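These notes are about the structure you will find just below.
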2 protein chains.
Amino acid sequence: MNSKLDETLDNPDWDGMRMLGHRIVDDAVAYLQSVRERAAWQPIPAAVRKGFDEPAPLEPRAPADVYNAVRERILPYPTGNIHPRFWGWVMGTGTLTGAYAELIAATMNANVSGFDDAASAVELQVIGWLRDLLGFPGTSTGLLVSGGSMANLVGLTVARNARAGFDVRREGLGAAPQPLRVYASTQVHNSVKKAVELLGLGRDSLRLVAVGGDYTLALDALEAAIAEDRVRGARPFCVVANCGTVATGALDDLEALASLCEREGLWLHVDGAFGALAALSPELRSRVRGLERADSLAFDLHKWGYVPYEAGCILVRDGHLQREAFAVAADYLAPAGGGVAPRGTFLADQGPQLSRGFRALKVWMALQEHGAHRLGRLVHQNVEQAAYLAERIGAEAELELMAPVPLNVVCFRYRGAAAAQDWDSLNRELLVRLQQSGIAVPSHTLLEGRYALRVAITNHRSRRDDFDLLVSEVLRLGRSLVAQGRTAAAS
Amino acid sequence: MNSKLDETLDNPDWDGMRMLGHRIVDDAVAYLQSVRERAAWQPIPAAVRKGFDEPAPLEPRAPADVYNAVRERILPYPTGNIHPRFWGWVMGTGTLTGAYAELIAATMNANVSGFDDAASAVELQVIGWLRDLLGFPGTSTGLLVSGGSMANLVGLTVARNARAGFDVRREGLGAAPQPLRVYASTQVHNSVKKAVELLGLGRDSLRLVAVGGDYTLALDALEAAIAEDRVRGARPFCVVANCGTVATGALDDLEALASLCEREGLWLHVDGAFGALAALSPELRSRVRGLERADSLAFDLHKWGYVPYEAGCILVRDGHLQREAFAVAADYLAPAGGGVAPRGTFLADQGPQLSRGFRALKVWMALQEHGAHRLGRLVHQNVEQAAYLAERIGAEAELELMAPVPLNVVCFRYRGAAAAQDWDSLNRELLVRLQQSGIAVPSHTLLEGRYALRVAITNHRSRRDDFDLLVSEVLRLGRSLVAQGRTAAAS
């Protein structure tokens with residue numbers, strides 16, 4: 001048969017594809033350069049939304065036409081977290097260099113499982129950098145994963161397998177001689193709950209320990225819970241500490257928890273999704289002290305590392321335990337005496353994924369471009385911005401600061417002249433209107449049942465005056481809603 | 001305080017960044033256009049490797065300098081799967097459009113959790129397309145995940161939680177009244193073993209069932225195993241079927257397994273990492289018949305969908321079971337009455353990740369650019385190439401075809417004049433030399449203990465004559481090794 005009959009997905013018009021690439025770059029640069037001038041968020045119009053109901057395309061279409069559709073129907077409607085006044089949930093901003101890194105990574109299309117290639121070398125280097133910057137010892141290993149949820153899952157898998165006291169991988173949890181127990185504060189992230197369930201421990205095995213007025217885990221309550229469980233015949237094996245809670249940014253006392261875990265023989269897993277990278281700032285480092293004593297540490301790079309989605313990291317102090325938790329022999333994966341797959345660090349042995357993309361490149365390029373010092377300064381800047389916003393709120397009689405601001409999260413509400421029983425519905429409506437205005441995107445949470453506007457700052461584009469605008473808009477919307485008597489709850 | 005003091009990670013020289021982007025695009029186009037002229041793989045030279053030991057950068061560096069380092073130290077050393085003669089393991093090729101999609105996705109930096117934004121709409125559309133193309137009903141849900149490993153994990157989580165017979169999420173597997181049992185053939189992928197362990201079921205709960213001479217699961221052995229386990233008081237709950245085994249591409253009889261699972265009340269999970277997309281080809285569809293009857297189906301888009309890493313998919317027939325397996329309420333995630341997070345499909349409720357990147361865009365653009373028909377043709381072309389290679393091997397007396405070729409995987413070895421006891425070491429050495437030559441990259445496996453060269457074709461750049469070259473190189477290297485008496489095993 002003739003090779004001319006062979007078809008490929010490469011478009012034969014390489015020059016045309018190059019021009020298309022230039023156009024995409026030009027649009028990307030303009031998109032980010034002008035992001036401040038656009039709405040922080042806007043809904044998808046019904047006509048555009050209808051296009052997303054079209055059935056699967058069966059026939060080909062020119063790449064430029066496909067891009068035109070992206071440009072018209074997709075690019076105008078981002079989540080919004082690239083905008084300087086988007087502070088909802090906890091989302092990073094991304095950078096143009098990060099986007100370029102993704103282009104390069106996908107061009108190489110490396111499978112970063114631990115082959116003899118640059119991508120695996122880059123990931124190992126990045127893990128080494130993060131290990132050193134966060135004060136973990138050289139014996140530790142790590143892995144880049146999709147984000148904090150997966151990092152928590154990997155950390156808790158290692159904890160479970162290392163500390164259950166029997167061969168969990170072989171026998172399963174049905175063979176546990178005693179019920180296993182994990183501890184975390186009531187403020188723990190839902191990904192830890194999901195991980196505990198996924199791992200087959202059951203959410204009954206996760207004891208949620210009370211917090212103090214600062215939303216950090218109450219040590220005496222933890223000690224009492226552990227003692228009580230031991231008396232009842234359960235086996236405590238792990239404490240999950242928060243290094244930056246999602247609701248208020250609270251920082252558990254990691255030094256005290258590390259000492260407690262040593263005394264009690266428990267695994268200390270730290271969920272530092274955003275908080276861990278505060279360690280890059282000399283001004284903030286003391287607030288996360290003890291982090292470096294964790295048995296495992298989960299954190300995101302796509303939040304306070306400011307790289308684009310997805311990138312999280314898990315570090316494990318005793319590296320061999322990470323491998324012991326995940327490595328599985330397979331005939332077709334046995335290393336050879338040379339070539340593409342010689343014996344080396346097989347990254348896929350350290351987590352649940354076998355094929356792995358080259359997310360390490362954007363982290364590598366971000367650290368190369370900015371250096372750890374500048375990244376630390378930006379993290380500190382966000383924390384200073386949170387303090388500034390808290391101060392502005394404290395100075396306004398119509399606003400109430402609802403929680404301490406230990407890091408980068410500010411919870412507050414508008415009260416003004418509204419009756420106390422209307423505060424929840426008032427702020428609920430205010431938030432929707434604020435988001436719909438496109439001016440700013442905070443999100444919300446409940447603090448002891450009270451509805452709070454919540455500003456989480458992991459945004460390198462935010463400036464002081466953005467927070468001034470937020471305060472004035474909240475005041476304006478609050479007054480207007482009170483004047484209209486419009487406090488009806490939405491949902 | 002003055003906003004002029006605020007620092008950002010955006011490089012103020014937007015024009016310079018634009019020019020850098022053009023340069024990266026030009027290099028990417030040239031890189032892929034000329035890939036056939038380069039080695040399929042080359043090792044990292046020692047001098048370059050040394051650079052990967054440098055400590056974490058603390059100070060900033062110009063973006064163009066960072067890119068120069070990428071260009072010199074990283075781009076020349078890819079895994080190799082972009083090359084037309086890379087057929088190791090099972091790796092997709094990627095496309096330039098796919099790389100552009102990643103650039104666009106990272107520029108938008110969407111968090112695809114299910115907000116009111118285009119990225120979530122795109123993912124829901126892509127899931128709908130894949131559901132329809134693979135014949136799943138409208139009641140099914142799905143999720144894009146990092147790849148087959150995660151797709152298998154998600155599918156088995158749903159299976160476990162839906163079919164364990166008690167509240168696994170709450171009580172954990174320690175509360176199981178009976179031991180649970182999962183079944184798969186001995187050829188099952190290691191990610192299924194990892195998932196079973198991760199889920200706390202224990203690998204003892206996974207019964208590996210014998211295969212026939214065609215490496216497909218032996219139905220009578222499965223029925224006997226299920227009956228035996230029931231007699232012993234265990235609870236069978238799930239069968240994992242292979243739609244394309246990793247070693248030989250074997251296709252379990254999905255129709256028969258679906259009927260068996262219906263009879264026995266078991267969950268049918270199909271691992272179709274690459275095989276599932278054979279359904280896109282009218283010529284191949286009958287080989288994977290029964291696929292559409294699975295309770296859950298895992299497959300990759302970064303293999304036979306040819307998109308860049310990472311992209312896999314899980315489909316679940318009874319959509320509510322997927323949500324029931326993963327949804328966790330959290331105060332700060334409660335939907336609002338409008339704005340960015342109205343009540344809608346919250347994608348993060350269907351899998352372990354909360355923050356999720358915009359991998360849907362590359363799948364959307366691939367289907368838009370090529371259409372399902374062309375993708376199906378390319379899959380079929382790879383299968384035809386495998387048949388052609390098998391035919392070429394069959395015609396060479398010095399080569400032995402070692403397994404049937406039901407799809408796209410060809411296992412063979414060089415025998416020539418070598419003594420039978422040397423075949424393993426001879427082929428082991430031959431493979432390393434072949435990879436090191438840069439001419440072609442097969443990998444290997446063991447078939448009943450015998451070492452096999454293994455060619456897995458999920459490559460849209462391969463042509464017929466590439467396989468001719470492979471055959472002639474294997475013959476040349478084999479003869480030369482036999483002549484040298486060099487059959488020493490490496491590793």
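The chains in the structure tokens are called A, B, ... from first to last as shown; in each chain the residues are counted from 1, and the ligands are counted from 1 in the order shown.
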* Per DSSP on the backbone, filter segment 188-282 of chain B down to the residues in helix (DSSP H, G or I) and report them as a ChimeraX atom specification. => /B:190-198,203-205,219-231,254-264,275-280
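Shell of segment 478-483 of chain A at 12 Å, with only C-alpha atoms counted and residues fewer than 6 places along the chain excluded, is Glu398, Leu399, Arg413, Tyr414, Arg415, Gly416, Ala417, Ala418, Ala419, Asp422, Trp423, Ser425, Leu426, Asn427, Arg428, Glu429, Leu430, Leu431, Val432, Arg433, Leu434, Leu470, Val471, Ser472 and Ala489 of chain A.
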* Selection near Arg207 of chain A, 10 Å with only C-alpha atoms, sequence-local residues under 6 positions removed, as a PyMOL selection string -> chain A and resi 181-186+222+225-226+229+236+239
* For atom CA of Gly213 of chain B and atom CA of Pro404 of chain B, the interatomic separation in Å (one decimal) ->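 Separating atom CA of Gly213 of chain B from atom CA of Pro404 of chain B is a distance of 8.6 Å.
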* Structure fact -> Using only C-alpha atoms, the best pick from A:Ser286, A:Thr216, A:Ser34, A:Gln435 as closest to chain B would be A:Gln435
* Residue among B:Asn81, B:Ser259, B:Ser281, B:Thr245 lying closest to chain A, counting only C-alpha atoms ->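 Looking at the shortest contact to chain A, the residue is B:Asn81.
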* Mind checking DSSP for segment 68-251 of chain B and telling me the strand (DSSP E or B) residues as a list in words? -> Phe86, Thr141, Gly142, Leu143, Leu144, Val145, Leu180, Arg181, Val182, Tyr183, Ala184, Ser185, Leu206, Arg207, Leu208, Val209, Val211, Leu217, Arg235, Pro236, Phe237, Cys238, Val239, Val240, Ala241, Asn242, Cys243 and Leu251 of chain B
* Name the closest residue to Val209 of chain A among the candidates A:Arg356, A:Val316, A:Ala221, A:Ser113; distances are taken between atoms, counting only C-alpha atoms. =>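 Selected residue with least distance to Val209 of chain A: A:Ala221.
As for atom CA of Asn242 of chain B and atom CA of Val168 of chain B, they are spaced 26.0 Å apart.
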* Near segment 300-306 of chain A, counting only C-alpha atoms, which residues have an atom at most 9 Å away, once you skip same-chain residues fewer than 6 positions from it, shown as JSON, numbers by chain? -> {"A": [90, 91, 92, 93, 94, 95, 98, 145, 146, 147, 148, 151, 272, 273, 274, 275, 276, 277, 278, 312, 313, 314, 363, 366, 367, 375, 378, 379, 458, 459, 460], "B": [9]}
* To do: Skip Ala162 of chain A itself and residues of its chain fewer than 6 positions away, then list as a list in words all residues within 12 Å of it, counting only C-alpha atoms.
  =>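 Returned residues: Gly155, Leu156, Val168, Arg169, Phe237, Cys238, Gly265, Leu266, Trp267, Leu268, Asp295, Ser296, Val316, Asp318, Gly319, His320, Leu321, Gln322, Arg323, Glu324, Ala325 and Phe326 of chain A.
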Include N, CA and C atoms and write out the residues we just selected as a tab-separated table (two decimals), in the first residue's frame.
chain	number	residue	atom	x	y	z
A	155	GLY	N	-1.91	12.68	49.94
A	155	GLY	CA	-1.33	12.73	51.30
A	155	GLY	C	-2.06	11.80	52.25
A	156	LEU	N	-3.37	11.80	52.18
A	156	LEU	CA	-4.14	10.95	53.10
A	156	LEU	C	-4.03	9.47	52.74
A	168	VAL	N	-3.11	-2.32	54.34
A	168	VAL	CA	-4.36	-1.82	53.75
A	168	VAL	C	-4.42	-2.10	52.26
A	169	ARG	N	-3.29	-1.96	51.58
A	169	ARG	CA	-3.31	-2.16	50.13
A	169	ARG	C	-3.75	-3.57	49.78
A	237	PHE	N	-5.01	7.91	63.72
A	237	PHE	CA	-3.77	7.77	62.93
A	237	PHE	C	-3.34	9.05	62.23
A	238	CYS	N	-4.20	10.05	62.16
A	238	CYS	CA	-3.83	11.22	61.36
A	238	CYS	C	-4.56	12.47	61.82
A	265	GLY	N	2.06	9.88	68.18
A	265	GLY	CA	2.36	8.92	67.11
A	265	GLY	C	1.41	9.02	65.94
A	266	LEU	N	0.96	10.22	65.63
A	266	LEU	CA	0.01	10.41	64.53
A	266	LEU	C	0.68	11.07	63.33
A	267	TRP	N	0.15	10.81	62.18
A	267	TRP	CA	0.60	11.44	60.94
A	267	TRP	C	0.03	12.86	60.90
A	268	LEU	N	0.89	13.82	60.58
A	268	LEU	CA	0.40	15.20	60.42
A	268	LEU	C	0.34	15.55	58.93
A	295	ASP	N	4.17	15.60	58.05
A	295	ASP	CA	4.51	14.36	57.35
A	295	ASP	C	4.14	14.46	55.89
A	296	SER	N	3.08	15.18	55.61
A	296	SER	CA	2.72	15.45	54.21
A	296	SER	C	2.09	16.83	54.14
A	316	VAL	N	5.92	14.67	50.64
A	316	VAL	CA	5.86	13.63	51.68
A	316	VAL	C	7.25	13.50	52.30
A	318	ASP	N	8.81	11.35	54.40
A	318	ASP	CA	9.50	10.07	54.20
A	318	ASP	C	9.15	9.56	52.82
A	319	GLY	N	10.03	9.89	51.87
A	319	GLY	CA	9.71	9.64	50.48
A	319	GLY	C	9.32	8.20	50.17
A	320	HIS	N	9.97	7.25	50.85
A	320	HIS	CA	9.68	5.85	50.48
A	320	HIS	C	8.22	5.49	50.80
A	321	LEU	N	7.63	6.18	51.75
A	321	LEU	CA	6.23	5.89	52.08
A	321	LEU	C	5.29	6.29	50.94
A	322	GLN	N	5.68	7.34	50.22
A	322	GLN	CA	4.85	7.74	49.08
A	322	GLN	C	4.88	6.65	48.00
A	323	ARG	N	6.07	6.14	47.75
A	323	ARG	CA	6.19	5.09	46.75
A	323	ARG	C	5.48	3.82	47.22
A	324	GLU	N	5.63	3.51	48.49
A	324	GLU	CA	4.99	2.31	49.03
A	324	GLU	C	3.47	2.37	48.94
A	325	ALA	N	2.95	3.58	48.91
A	325	ALA	CA	1.49	3.72	48.86
A	325	ALA	C	0.93	3.54	47.46
A	326	PHE	N	1.77	3.71	46.44
A	326	PHE	CA	1.22	3.76	45.07
A	326	PHE	C	1.87	2.82	44.06
* **Near-Ala360 of chain B list (12 Å; only C-alpha atoms; drop same-chain fewer than 5 positions) as JSON, numbers by chain** => {"A": [74], "B": [98, 101, 102, 104, 105, 106, 110, 111, 112, 113, 118, 119, 120, 121, 122, 123, 124, 125, 126, 127, 128, 129, 130, 143, 144, 145, 146, 301, 302, 307, 308, 309, 310, 311, 312, 313, 365, 366, 367]}
* Option closest in space to Arg461 of chain A, from A:Ala403, A:Met17, A:Val35, A:Leu477 [counting only C-alpha atoms] ->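 Ranking A:Ala403, A:Met17, A:Val35, A:Leu477 by distance to Arg461 of chain A, first place goes to A:Val35.
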* Do you have the atom CA of Gly394 of chain B-atom CA of Asp6 of chain A distance handy? -> 22.2 Å
* Asked: Using only C-alpha atoms, which of B:Cys261, B:Gln178, B:Arg203, B:Thr8 sits nearest Arg230 of chain B?
  ->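 Result for the nearest residue to Arg230 of chain B: B:Gln178.
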* Structure fact -> Closest of B:Glu223, B:Asp214, B:Glu37, B:Asp466 to chain A, counting only C-alpha atoms, is B:Asp466
* Do a neighbour search on Asp116 of chain B at 8 Å with only C-alpha atoms, toss out local chain neighbours closer than 3 positions, and write the hits as a list in words. => Pro43, Ile44 and Thr79 of chain A; Ser120, Ala121, Gly339, Val340, Ala341 and Pro342 of chain B
